[in-house]
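Student: Structure: upload-v2.csv, CSV, N, CA and C atoms.
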chain,number,residue,atom,x,y,z
Z,1,MET,N,240.9,-19.8,95.4
Z,1,MET,CA,240.6,-19.4,94.1
Z,1,MET,C,239.4,-18.4,94.2
Z,2,ASN,N,239.5,-17.3,93.5
Z,2,ASN,CA,238.5,-16.3,93.6
Z,2,ASN,C,237.7,-16.3,92.3
Z,3,HIS,N,236.4,-16.7,92.4
Z,3,HIS,CA,235.5,-16.7,91.2
Z,3,HIS,C,234.6,-15.5,91.3
Z,4,THR,N,234.8,-14.5,90.5
Z,4,THR,CA,234.0,-13.4,90.5
Z,4,THR,C,233.4,-13.2,89.1
Z,5,VAL,N,232.2,-12.8,89.0
Z,5,VAL,CA,231.5,-12.6,87.8
Z,5,VAL,C,231.7,-11.1,87.4
Z,6,GLN,N,232.2,-10.9,86.2
Z,6,GLN,CA,232.4,-9.5,85.8
Z,6,GLN,C,231.5,-9.3,84.6
Z,7,THR,N,230.8,-8.2,84.6
Z,7,THR,CA,229.9,-7.9,83.5
Z,7,THR,C,230.5,-6.8,82.7
Z,8,PHE,N,230.7,-7.0,81.4
Z,8,PHE,CA,231.4,-6.0,80.6
Z,8,PHE,C,230.3,-5.3,79.8
Z,9,PHE,N,230.2,-4.0,79.9
Z,9,PHE,CA,229.3,-3.2,79.1
Z,9,PHE,C,230.1,-2.2,78.3
Z,10,SER,N,230.0,-2.3,77.0
Z,10,SER,CA,230.8,-1.4,76.2
Z,10,SER,C,230.0,0.0,76.2
Z,11,PRO,N,230.7,1.0,75.9
Z,11,PRO,CA,230.0,2.3,75.9
Z,11,PRO,C,228.9,2.4,74.8
Z,12,VAL,N,229.0,1.6,73.7
Z,12,VAL,CA,228.0,1.7,72.7
Z,12,VAL,C,226.7,1.1,73.2
Z,13,ASN,N,226.8,0.0,73.9
Z,13,ASN,CA,225.6,-0.6,74.4
Z,13,ASN,C,225.3,-0.3,75.9
Z,14,SER,N,225.6,0.8,76.3
Z,14,SER,CA,225.4,1.2,77.7
Z,14,SER,C,224.0,1.0,78.2
Z,15,GLY,N,223.0,1.3,77.4
Z,15,GLY,CA,221.6,1.2,77.8
Z,15,GLY,C,221.0,-0.2,77.6
Z,16,GLN,N,221.7,-1.1,76.8
Z,16,GLN,CA,221.1,-2.4,76.4
Z,16,GLN,C,222.0,-3.5,76.9
Z,17,PRO,N,221.4,-4.6,77.2
Z,17,PRO,CA,222.3,-5.7,77.6
Z,17,PRO,C,223.1,-6.2,76.4
Z,18,PRO,N,224.3,-6.7,76.7
Z,18,PRO,CA,225.1,-7.2,75.5
Z,18,PRO,C,224.5,-8.5,74.9
Z,19,ASN,N,224.8,-8.7,73.7
Z,19,ASN,CA,224.2,-9.9,73.0
Z,19,ASN,C,225.2,-11.1,73.3
Z,20,TYR,N,224.8,-12.3,72.8
Z,20,TYR,CA,225.5,-13.5,73.1
Z,20,TYR,C,226.9,-13.5,72.5
Z,21,GLU,N,227.0,-13.0,71.2
Z,21,GLU,CA,228.3,-13.0,70.5
Z,21,GLU,C,229.3,-12.2,71.3
Z,22,MET,N,228.8,-11.0,71.7
Z,22,MET,CA,229.7,-10.1,72.4
Z,22,MET,C,230.2,-10.7,73.7
Z,23,LEU,N,229.3,-11.3,74.5
Z,23,LEU,CA,229.7,-12.0,75.7
Z,23,LEU,C,230.6,-13.1,75.5
Z,24,LYS,N,230.4,-13.9,74.5
Z,24,LYS,CA,231.2,-15.0,74.1
Z,24,LYS,C,232.7,-14.6,73.8
Z,25,GLU,N,232.7,-13.5,73.0
Z,25,GLU,CA,234.0,-13.0,72.6
Z,25,GLU,C,234.8,-12.4,73.8
Z,26,GLU,N,234.1,-11.7,74.6
Z,26,GLU,CA,234.7,-11.1,75.8
Z,26,GLU,C,235.2,-12.2,76.8
Z,27,HIS,N,234.4,-13.3,76.9
Z,27,HIS,CA,234.8,-14.4,77.7
Z,27,HIS,C,236.0,-15.1,77.2
Z,28,GLU,N,236.1,-15.3,75.9
Z,28,GLU,CA,237.3,-15.9,75.3
Z,28,GLU,C,238.5,-15.1,75.5
Z,29,VAL,N,238.3,-13.8,75.3
Z,29,VAL,CA,239.5,-12.9,75.6
Z,29,VAL,C,239.9,-12.9,77.0
Z,30,ALA,N,239.0,-13.0,77.9
Z,30,ALA,CA,239.3,-13.0,79.3
Z,30,ALA,C,240.0,-14.4,79.7
Z,31,VAL,N,239.5,-15.5,79.1
Z,31,VAL,CA,240.1,-16.8,79.5
Z,31,VAL,C,241.4,-17.0,78.7
Z,32,LEU,N,241.4,-16.8,77.4
Z,32,LEU,CA,242.6,-17.1,76.6
Z,32,LEU,C,243.6,-16.0,76.6
Z,33,GLY,N,243.2,-14.8,76.8
Z,33,GLY,CA,244.0,-13.6,76.7
Z,33,GLY,C,244.0,-13.1,75.2
Z,34,ALA,N,244.7,-12.0,75.1
Z,34,ALA,CA,244.8,-11.4,73.8
Z,34,ALA,C,245.6,-12.3,72.8
Z,35,PRO,N,245.4,-12.2,71.5
Z,35,PRO,CA,246.2,-13.0,70.6
Z,35,PRO,C,247.6,-12.6,70.7
Z,36,HIS,N,248.5,-13.6,70.7
Z,36,HIS,CA,249.9,-13.4,70.8
Z,36,HIS,C,250.6,-13.0,69.5
Z,37,ASN,N,250.0,-13.4,68.4
Z,37,ASN,CA,250.7,-13.1,67.1
Z,37,ASN,C,249.8,-12.1,66.4
Z,38,PRO,N,250.2,-10.8,66.3
Z,38,PRO,CA,249.4,-9.8,65.6
Z,38,PRO,C,249.3,-10.0,64.1
Z,39,ALA,N,250.1,-10.9,63.5
Z,39,ALA,CA,250.1,-11.1,62.0
Z,39,ALA,C,248.8,-11.7,61.6
Z,40,PRO,N,248.2,-11.4,60.5
Z,40,PRO,CA,247.0,-12.0,60.0
Z,40,PRO,C,247.2,-13.5,59.7
Z,41,PRO,N,246.2,-14.3,59.9
Z,41,PRO,CA,246.4,-15.8,59.7
Z,41,PRO,C,246.6,-16.0,58.2
Z,42,THR,N,247.4,-17.0,57.9
Z,42,THR,CA,247.7,-17.3,56.5
Z,42,THR,C,246.8,-18.5,56.1
Z,43,SER,N,246.6,-18.6,54.8
Z,43,SER,CA,245.7,-19.7,54.3
Z,43,SER,C,246.5,-20.4,53.2
Z,44,THR,N,246.2,-21.7,53.1
Z,44,THR,CA,246.8,-22.5,52.0
Z,44,THR,C,245.7,-23.0,51.1
Z,45,VAL,N,246.0,-22.8,49.8
Z,45,VAL,CA,245.1,-23.2,48.8
Z,45,VAL,C,245.7,-24.4,48.0
Z,46,ILE,N,244.9,-25.5,48.0
Z,46,ILE,CA,245.4,-26.7,47.3
Z,46,ILE,C,244.5,-26.8,46.0
Z,47,HIS,N,245.2,-26.9,44.9
Z,47,HIS,CA,244.5,-27.0,43.6
Z,47,HIS,C,244.5,-28.5,43.3
Z,48,ILE,N,243.4,-29.1,43.1
Z,48,ILE,CA,243.3,-30.5,42.8
Z,48,ILE,C,242.8,-30.6,41.3
Z,49,ARG,N,243.6,-31.2,40.5
Z,49,ARG,CA,243.3,-31.3,39.1
Z,49,ARG,C,242.2,-32.3,38.9
Z,50,SER,N,241.2,-32.0,38.2
Z,50,SER,CA,240.1,-32.9,37.9
Z,50,SER,C,240.5,-33.8,36.7
Z,51,GLU,N,240.2,-35.0,36.7
Z,51,GLU,CA,240.5,-35.9,35.6
Z,51,GLU,C,239.7,-35.5,34.4
Z,52,THR,N,240.3,-35.5,33.3
Z,52,THR,CA,239.6,-35.2,32.1
Z,52,THR,C,238.9,-36.5,31.6
Z,53,SER,N,237.6,-36.4,31.6
Z,53,SER,CA,236.8,-37.6,31.2
Z,53,SER,C,236.7,-37.6,29.7
Z,54,VAL,N,236.9,-38.8,29.1
Z,54,VAL,CA,236.8,-39.0,27.7
Z,54,VAL,C,235.6,-39.9,27.5
Z,55,PRO,N,234.7,-39.5,26.6
Z,55,PRO,CA,233.5,-40.4,26.3
Z,55,PRO,C,234.0,-41.6,25.6
Z,56,ASP,N,233.5,-42.8,26.0
Z,56,ASP,CA,234.0,-44.0,25.5
Z,56,ASP,C,233.0,-44.6,24.5
Z,57,HIS,N,231.8,-44.3,24.5
Z,57,HIS,CA,230.8,-44.7,23.5
Z,57,HIS,C,230.6,-46.2,23.6
Z,58,VAL,N,230.7,-46.8,24.7
Z,58,VAL,CA,230.6,-48.3,24.9
Z,58,VAL,C,229.2,-48.8,24.6
Z,59,VAL,N,228.2,-48.1,25.2
Z,59,VAL,CA,226.8,-48.5,25.0
Z,59,VAL,C,226.4,-48.4,23.6
Z,60,TRP,N,226.7,-47.3,22.9
Z,60,TRP,CA,226.4,-47.1,21.5
Z,60,TRP,C,227.1,-48.2,20.7
Z,61,SER,N,228.3,-48.5,21.0
Z,61,SER,CA,229.0,-49.5,20.2
Z,61,SER,C,228.4,-50.9,20.4
Z,62,LEU,N,228.0,-51.2,21.7
Z,62,LEU,CA,227.4,-52.4,22.0
Z,62,LEU,C,226.0,-52.6,21.2
Z,63,PHE,N,225.3,-51.5,21.2
Z,63,PHE,CA,224.0,-51.5,20.5
Z,63,PHE,C,224.2,-51.8,19.0
Z,64,ASN,N,225.2,-51.1,18.4
Z,64,ASN,CA,225.5,-51.3,17.0
Z,64,ASN,C,226.1,-52.7,16.7
Z,65,THR,N,226.8,-53.3,17.7
Z,65,THR,CA,227.3,-54.6,17.5
Z,65,THR,C,226.2,-55.6,17.5
Z,66,LEU,N,225.2,-55.5,18.4
Z,66,LEU,CA,224.1,-56.4,18.6
Z,66,LEU,C,223.0,-56.3,17.6
Z,67,PHE,N,222.7,-55.1,17.2
Z,67,PHE,CA,221.5,-54.9,16.3
Z,67,PHE,C,221.9,-54.5,14.9
Z,68,MET,N,222.8,-53.6,14.7
Z,68,MET,CA,223.1,-53.1,13.4
Z,68,MET,C,224.6,-53.3,13.2
Z,69,ASN,N,225.0,-54.4,12.6
Z,69,ASN,CA,226.4,-54.6,12.5
Z,69,ASN,C,226.8,-54.8,11.0
Z,70,PRO,N,226.6,-53.8,10.1
Z,70,PRO,CA,227.0,-54.0,8.7
Z,70,PRO,C,228.5,-53.9,8.6
Z,71,CYS,N,229.1,-54.8,7.9
Z,71,CYS,CA,230.5,-54.9,7.6
Z,71,CYS,C,231.3,-54.9,8.9
Z,72,CYS,N,230.7,-55.4,10.0
Z,72,CYS,CA,231.4,-55.5,11.3
Z,72,CYS,C,231.8,-54.2,11.9
Z,73,LEU,N,231.2,-53.1,11.5
Z,73,LEU,CA,231.6,-51.8,12.0
Z,73,LEU,C,231.3,-51.6,13.4
Z,74,GLY,N,230.2,-52.2,13.9
Z,74,GLY,CA,229.8,-52.1,15.3
Z,74,GLY,C,230.8,-52.8,16.2
Z,75,PHE,N,231.2,-54.0,15.7
Z,75,PHE,CA,232.2,-54.7,16.5
Z,75,PHE,C,233.5,-54.0,16.6
Z,76,ILE,N,234.0,-53.4,15.5
Z,76,ILE,CA,235.2,-52.7,15.5
Z,76,ILE,C,235.1,-51.5,16.4
Z,77,ALA,N,234.0,-50.8,16.3
Z,77,ALA,CA,233.7,-49.6,17.2
Z,77,ALA,C,233.7,-50.0,18.6
Z,78,PHE,N,233.2,-51.2,18.9
Z,78,PHE,CA,233.2,-51.7,20.3
Z,78,PHE,C,234.6,-52.0,20.8
Z,79,ALA,N,235.4,-52.5,19.9
Z,79,ALA,CA,236.8,-52.8,20.3
Z,79,ALA,C,237.6,-51.5,20.5
Z,80,TYR,N,237.3,-50.5,19.7
Z,80,TYR,CA,238.0,-49.2,20.0
Z,80,TYR,C,237.4,-48.5,21.2
Z,81,SER,N,236.2,-48.7,21.6
Z,81,SER,CA,235.6,-48.0,22.7
Z,81,SER,C,236.0,-48.6,24.0
Z,82,VAL,N,236.4,-49.8,24.1
Z,82,VAL,CA,236.8,-50.4,25.3
Z,82,VAL,C,238.3,-50.4,25.6
Z,83,LYS,N,239.1,-49.9,24.6
Z,83,LYS,CA,240.5,-49.8,24.8
Z,83,LYS,C,240.8,-48.8,25.9
Z,84,MET,N,241.7,-49.2,26.8
Z,84,MET,CA,242.1,-48.3,27.9
Z,84,MET,C,243.6,-47.9,27.6
Z,85,VAL,N,243.7,-46.6,27.6
Z,85,VAL,CA,245.0,-46.0,27.3
Z,85,VAL,C,245.4,-45.1,28.5
Z,86,GLY,N,246.7,-45.1,28.9
Z,86,GLY,CA,247.1,-44.3,30.0
Z,86,GLY,C,247.1,-42.8,29.8
Z,87,ASP,N,247.3,-42.4,28.6
Z,87,ASP,CA,247.3,-40.9,28.3
Z,87,ASP,C,246.0,-40.5,27.8
Z,88,VAL,N,245.7,-39.2,28.0
Z,88,VAL,CA,244.4,-38.6,27.6
Z,88,VAL,C,244.3,-38.5,26.1
Z,89,THR,N,245.4,-38.2,25.5
Z,89,THR,CA,245.4,-38.0,24.0
Z,89,THR,C,245.1,-39.2,23.3
Z,90,GLY,N,245.7,-40.4,23.7
Z,90,GLY,CA,245.4,-41.7,23.1
Z,90,GLY,C,243.9,-42.1,23.3
Z,91,ALA,N,243.4,-41.8,24.5
Z,91,ALA,CA,242.0,-42.1,24.8
Z,91,ALA,C,241.1,-41.3,24.0
Z,92,GLN,N,241.4,-40.0,23.8
Z,92,GLN,CA,240.5,-39.2,22.9
Z,92,GLN,C,240.6,-39.7,21.5
Z,93,ALA,N,241.7,-40.1,21.0
Z,93,ALA,CA,241.8,-40.6,19.6
Z,93,ALA,C,241.0,-41.9,19.4
Z,94,TYR,N,241.1,-42.8,20.4
Z,94,TYR,CA,240.2,-44.0,20.3
Z,94,TYR,C,238.8,-43.7,20.4
Z,95,ALA,N,238.4,-42.7,21.3
Z,95,ALA,CA,237.0,-42.3,21.4
Z,95,ALA,C,236.5,-41.7,20.1
Z,96,SER,N,237.3,-40.9,19.5
Z,96,SER,CA,236.9,-40.3,18.2
Z,96,SER,C,236.7,-41.3,17.1
Z,97,THR,N,237.7,-42.3,17.0
Z,97,THR,CA,237.5,-43.4,16.1
Z,97,THR,C,236.3,-44.2,16.3
Z,98,ALA,N,236.0,-44.5,17.6
Z,98,ALA,CA,234.8,-45.3,17.9
Z,98,ALA,C,233.5,-44.5,17.5
Z,99,LYS,N,233.6,-43.2,17.8
Z,99,LYS,CA,232.4,-42.4,17.4
Z,99,LYS,C,232.2,-42.4,15.9
Z,100,CYS,N,233.2,-42.2,15.1
Z,100,CYS,CA,233.1,-42.2,13.7
Z,100,CYS,C,232.6,-43.6,13.2
Z,101,LEU,N,233.1,-44.7,13.7
Z,101,LEU,CA,232.7,-46.0,13.3
Z,101,LEU,C,231.2,-46.2,13.7
Z,102,ASN,N,230.8,-45.8,14.9
Z,102,ASN,CA,229.4,-45.9,15.3
Z,102,ASN,C,228.5,-45.1,14.4
Z,103,ILE,N,228.9,-43.9,14.0
Z,103,ILE,CA,228.0,-43.1,13.1
Z,103,ILE,C,227.9,-43.9,11.7
Z,104,TRP,N,229.0,-44.4,11.2
Z,104,TRP,CA,228.9,-45.1,9.9
Z,104,TRP,C,228.1,-46.4,10.1
Z,105,ALA,N,228.2,-47.1,11.2
Z,105,ALA,CA,227.5,-48.3,11.4
Z,105,ALA,C,226.0,-48.0,11.5
Z,106,LEU,N,225.6,-46.9,12.2
Z,106,LEU,CA,224.2,-46.5,12.3
Z,106,LEU,C,223.6,-46.1,11.0
Z,107,ILE,N,224.4,-45.3,10.2
Z,107,ILE,CA,223.8,-44.9,8.9
Z,107,ILE,C,223.7,-46.1,8.0
Z,108,LEU,N,224.7,-47.0,7.9
Z,108,LEU,CA,224.5,-48.1,7.0
Z,108,LEU,C,223.5,-49.1,7.5
Z,109,GLY,N,223.3,-49.3,8.8
Z,109,GLY,CA,222.3,-50.1,9.4
Z,109,GLY,C,220.9,-49.6,9.1
Z,110,ILE,N,220.7,-48.3,9.2
Z,110,ILE,CA,219.4,-47.7,8.9
Z,110,ILE,C,219.1,-47.9,7.4
Z,111,LEU,N,220.1,-47.6,6.5
Z,111,LEU,CA,219.9,-47.7,5.1
Z,111,LEU,C,219.5,-49.2,4.7
Z,112,MET,N,220.3,-50.1,5.3
Z,112,MET,CA,220.0,-51.5,5.0
Z,112,MET,C,218.6,-52.0,5.5
Z,113,THR,N,218.2,-51.4,6.6
Z,113,THR,CA,216.9,-51.8,7.2
Z,113,THR,C,215.8,-51.2,6.2
Z,114,ILE,N,216.0,-50.0,5.8
Z,114,ILE,CA,215.0,-49.4,4.9
Z,114,ILE,C,215.0,-50.2,3.6
Z,115,LEU,N,216.1,-50.5,3.0
Z,115,LEU,CA,216.2,-51.3,1.8
Z,115,LEU,C,215.6,-52.7,1.9
Z,116,LEU,N,215.8,-53.3,3.1
Z,116,LEU,CA,215.2,-54.6,3.3
Z,116,LEU,C,213.7,-54.5,3.4
Z,117,ILE,N,213.1,-53.4,3.7
Z,117,ILE,CA,211.7,-53.2,3.8
Z,117,ILE,C,211.1,-52.8,2.5
Z,118,VAL,N,211.8,-51.8,1.8
Z,118,VAL,CA,211.3,-51.3,0.6
Z,118,VAL,C,211.4,-52.2,-0.6
Z,119,ILE,N,212.5,-52.9,-0.7
Z,119,ILE,CA,212.7,-53.8,-1.9
Z,119,ILE,C,211.7,-54.9,-2.0
Z,120,PRO,N,211.4,-55.6,-0.9
Z,120,PRO,CA,210.4,-56.7,-1.0
Z,120,PRO,C,209.0,-56.1,-1.3
Z,121,VAL,N,208.7,-54.9,-0.7
Z,121,VAL,CA,207.4,-54.3,-1.0
Z,121,VAL,C,207.3,-54.0,-2.5
Z,122,LEU,N,208.4,-53.4,-3.1
Z,122,LEU,CA,208.3,-53.1,-4.5
Z,122,LEU,C,208.2,-54.3,-5.3
Z,123,ILE,N,208.9,-55.4,-5.0
Z,123,ILE,CA,208.9,-56.6,-5.7
Z,123,ILE,C,207.5,-57.2,-5.6
Z,124,PHE,N,206.9,-57.2,-4.4
Z,124,PHE,CA,205.5,-57.7,-4.3
Z,124,PHE,C,204.5,-56.9,-5.1
Z,125,GLN,N,204.7,-55.6,-5.1
Z,125,GLN,CA,203.7,-54.8,-5.9
Z,125,GLN,C,203.9,-55.0,-7.4
Z,126,ALA,N,205.2,-55.3,-7.8
Z,126,ALA,CA,205.4,-55.5,-9.3
Z,126,ALA,C,204.8,-56.8,-9.7
Z,127,TYR,N,204.9,-57.9,-9.0
Z,127,TYR,CA,204.4,-59.2,-9.4
Z,127,TYR,C,203.0,-59.4,-8.8
Z,128,GLY,N,202.5,-58.5,-8.0
Z,128,GLY,CA,201.1,-58.8,-7.4
Z,128,GLY,C,200.1,-58.1,-8.1
Translate the structure of the given file into structure tokens.

Tutor:
Amino acid sequence: MNHTVQTFFSPVNSGQPPNYEMLKEEHEVAVLGAPHNPAPPTSTVIHIRSETSVPDHVVWSLFNTLFMNPCCLGFIAFAYSVKMVGDVTGAQAYASTAKCLNIWALILGILMTILLIVIPVLIFQAYG
């Protein structure tokens, strides 16, 4: 077996030593040979659909259930927010209903809290 070292100098770099990338490429060509298939390599693109996330409003519904539950709206909103549906359209409908119920529970809860503070103060001032 004959092991000889060949140094390749291209005409462009005749005055300078070749860089590492050039030597590596020339070594690969010498060892592997020229590419057998002149066609350009093909690529495959795989499109992965991302799952559409639907807000479920569980935390908001739980807060309204525990702290502000006028007319049981918070509990009903909690029931709608934890329903699991296989299709995206149904899940969006339940999320929308839960959001609407949470808004109404929050508004009514705030109004009731204000009235529970203001009415006794007014009664106390009237008789005091």

Student: Counting all atoms listed in the file, which residues of stretch 77-116 of chain Z fall within 8 Å of stretch 46-67 of chain Z, and what is the closest atom pair for each with its distance in Å at one decimal, ordered by chain and rising number, as JSON lines?

Tutor:
{"residue": "Z:Ala77", "atom": "C", "partner": "Z:Ser61", "partner_atom": "CA", "distance": 5.0}
{"residue": "Z:Phe78", "atom": "N", "partner": "Z:Ser61", "partner_atom": "CA", "distance": 4.7}
{"residue": "Z:Ala79", "atom": "N", "partner": "Z:Ser61", "partner_atom": "CA", "distance": 7.1}
{"residue": "Z:Tyr80", "atom": "C", "partner": "Z:Asp56", "partner_atom": "C", "distance": 6.7}
{"residue": "Z:Ser81", "atom": "CA", "partner": "Z:Asp56", "partner_atom": "C", "distance": 4.6}
{"residue": "Z:Val82", "atom": "N", "partner": "Z:Val58", "partner_atom": "CA", "distance": 6.0}
{"residue": "Z:Lys83", "atom": "N", "partner": "Z:Asp56", "partner_atom": "CA", "distance": 7.9}
{"residue": "Z:Val88", "atom": "CA", "partner": "Z:Thr52", "partner_atom": "C", "distance": 7.1}
{"residue": "Z:Ala91", "atom": "C", "partner": "Z:Val54", "partner_atom": "CA", "distance": 6.1}
{"residue": "Z:Gln92", "atom": "CA", "partner": "Z:Val54", "partner_atom": "CA", "distance": 6.1}
{"residue": "Z:Tyr94", "atom": "C", "partner": "Z:Asp56", "partner_atom": "CA", "distance": 7.0}
{"residue": "Z:Ala95", "atom": "CA", "partner": "Z:Pro55", "partner_atom": "C", "distance": 5.2}
{"residue": "Z:Ser96", "atom": "N", "partner": "Z:Pro55", "partner_atom": "C", "distance": 7.0}
{"residue": "Z:Ala98", "atom": "C", "partner": "Z:His57", "partner_atom": "CA", "distance": 6.6}
{"residue": "Z:Lys99", "atom": "N", "partner": "Z:His57", "partner_atom": "CA", "distance": 6.5}
{"residue": "Z:Leu101", "atom": "C", "partner": "Z:Ser61", "partner_atom": "CA", "distance": 7.6}
{"residue": "Z:Asn102", "atom": "CA", "partner": "Z:Ser61", "partner_atom": "CA", "distance": 6.1}
{"residue": "Z:Ala105", "atom": "C", "partner": "Z:Asn64", "partner_atom": "CA", "distance": 6.4}
{"residue": "Z:Leu106", "atom": "N", "partner": "Z:Asn64", "partner_atom": "CA", "distance": 6.5}
{"residue": "Z:Gly109", "atom": "CA", "partner": "Z:Phe67", "partner_atom": "C", "distance": 7.1}

Student: Atom CA of Z:Trp104 and atom CA of Z:Thr89 are how many Å apart?

Tutor: 22.8 Å

Student: Measure the distance from atom CA of Z:Pro41 to atom CA of Z:Glu21 in Å and round it to one decimal.

Tutor: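 Distance between the two atoms: 21.3 Å.
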
Student: What does the structure give for the distance between atom CA of Z:Ala93 and atom CA of Z:Met68, in Å to one decimal?

Tutor: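 Interatomic distance, atom CA of Z:Ala93 to atom CA of Z:Met68: 23.3 Å.
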
Student: Using 4 Å of padding on each side, determine the axis-aligned box around all atoms of stretch 76-83 of chain Z present in the file and give its centre and edge lengths in Å to one decimal, as lines of an AutoDock Vina configuration file.

Tutor:
center_x = 237.0
center_y = -50.7
center_z = 20.7
size_x = 15.6
size_y = 13.4
size_z = 18.4

Student: Looking at Z:Ser43, Z:Leu108, Z:Asp87, Z:Glu28, which one is nearest to Z:Pro70, with distances taken over all atoms listed in the file?

Tutor: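 Answer, going by the shortest atom-to-atom distance: Z:Leu108.
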
Student: For the structure I just gave you, how does DSSP split stretch 23-101 of chain Z - specifically, which residues are helix (DSSP H, G or I)? Reply as a PyMOL selection string.

Tutor: chain Z and resi 23-32+58-66+70-81+88-101

Student: Kindly reconstruct stretch 82-94 of chain Z with N, CA, C and O atoms and present the result as a PDB file, keeping the file's coordinate frame.

Tutor:
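Generated file (rebuild_21.pdb):
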ATOM      1  N   VAL Z  82     236.400 -49.800  24.100  1.00  0.00           N
ATOM      2  CA  VAL Z  82     236.800 -50.400  25.300  1.00  0.00           C
ATOM      3  C   VAL Z  82     238.300 -50.400  25.600  1.00  0.00           C
ATOM      4  O   VAL Z  82     238.786 -50.869  26.599  1.00  0.00           O
ATOM      5  N   LYS Z  83     239.100 -49.900  24.600  1.00  0.00           N
ATOM      6  CA  LYS Z  83     240.500 -49.800  24.800  1.00  0.00           C
ATOM      7  C   LYS Z  83     240.800 -48.800  25.900  1.00  0.00           C
ATOM      8  O   LYS Z  83     240.330 -47.727  25.896  1.00  0.00           O
ATOM      9  N   MET Z  84     241.700 -49.200  26.800  1.00  0.00           N
ATOM     10  CA  MET Z  84     242.100 -48.300  27.900  1.00  0.00           C
ATOM     11  C   MET Z  84     243.600 -47.900  27.600  1.00  0.00           C
ATOM     12  O   MET Z  84     244.455 -48.666  27.340  1.00  0.00           O
ATOM     13  N   VAL Z  85     243.700 -46.600  27.600  1.00  0.00           N
ATOM     14  CA  VAL Z  85     245.000 -46.000  27.300  1.00  0.00           C
ATOM     15  C   VAL Z  85     245.400 -45.100  28.500  1.00  0.00           C
ATOM     16  O   VAL Z  85     244.543 -44.453  29.102  1.00  0.00           O
ATOM     17  N   GLY Z  86     246.700 -45.100  28.900  1.00  0.00           N
ATOM     18  CA  GLY Z  86     247.100 -44.300  30.000  1.00  0.00           C
ATOM     19  C   GLY Z  86     247.100 -42.800  29.800  1.00  0.00           C
ATOM     20  O   GLY Z  86     246.821 -42.043  30.726  1.00  0.00           O
ATOM     21  N   ASP Z  87     247.300 -42.400  28.600  1.00  0.00           N
ATOM     22  CA  ASP Z  87     247.300 -40.900  28.300  1.00  0.00           C
ATOM     23  C   ASP Z  87     246.000 -40.500  27.800  1.00  0.00           C
ATOM     24  O   ASP Z  87     245.206 -41.217  27.177  1.00  0.00           O
ATOM     25  N   VAL Z  88     245.700 -39.200  28.000  1.00  0.00           N
ATOM     26  CA  VAL Z  88     244.400 -38.600  27.600  1.00  0.00           C
ATOM     27  C   VAL Z  88     244.300 -38.500  26.100  1.00  0.00           C
ATOM     28  O   VAL Z  88     243.257 -38.728  25.505  1.00  0.00           O
ATOM     29  N   THR Z  89     245.400 -38.200  25.500  1.00  0.00           N
ATOM     30  CA  THR Z  89     245.400 -38.000  24.000  1.00  0.00           C
ATOM     31  C   THR Z  89     245.100 -39.200  23.300  1.00  0.00           C
ATOM     32  O   THR Z  89     244.279 -39.257  22.341  1.00  0.00           O
ATOM     33  N   GLY Z  90     245.700 -40.400  23.700  1.00  0.00           N
ATOM     34  CA  GLY Z  90     245.400 -41.700  23.100  1.00  0.00           C
ATOM     35  C   GLY Z  90     243.900 -42.100  23.300  1.00  0.00           C
ATOM     36  O   GLY Z  90     243.256 -42.585  22.411  1.00  0.00           O
ATOM     37  N   ALA Z  91     243.400 -41.800  24.500  1.00  0.00           N
ATOM     38  CA  ALA Z  91     242.000 -42.100  24.800  1.00  0.00           C
ATOM     39  C   ALA Z  91     241.100 -41.300  24.000  1.00  0.00           C
ATOM     40  O   ALA Z  91     240.035 -41.812  23.474  1.00  0.00           O
ATOM     41  N   GLN Z  92     241.400 -40.000  23.800  1.00  0.00           N
ATOM     42  CA  GLN Z  92     240.500 -39.200  22.900  1.00  0.00           C
ATOM     43  C   GLN Z  92     240.600 -39.700  21.500  1.00  0.00           C
ATOM     44  O   GLN Z  92     239.570 -39.622  20.770  1.00  0.00           O
ATOM     45  N   ALA Z  93     241.700 -40.100  21.000  1.00  0.00           N
ATOM     46  CA  ALA Z  93     241.800 -40.600  19.600  1.00  0.00           C
ATOM     47  C   ALA Z  93     241.000 -41.900  19.400  1.00  0.00           C
ATOM     48  O   ALA Z  93     240.266 -42.011  18.444  1.00  0.00           O
ATOM     49  N   TYR Z  94     241.100 -42.800  20.400  1.00  0.00           N
ATOM     50  CA  TYR Z  94     240.200 -44.000  20.300  1.00  0.00           C
ATOM     51  C   TYR Z  94     238.800 -43.700  20.400  1.00  0.00           C
ATOM     52  O   TYR Z  94     237.941 -44.299  19.722  1.00  0.00           O
TER      53      TYR Z  94
END
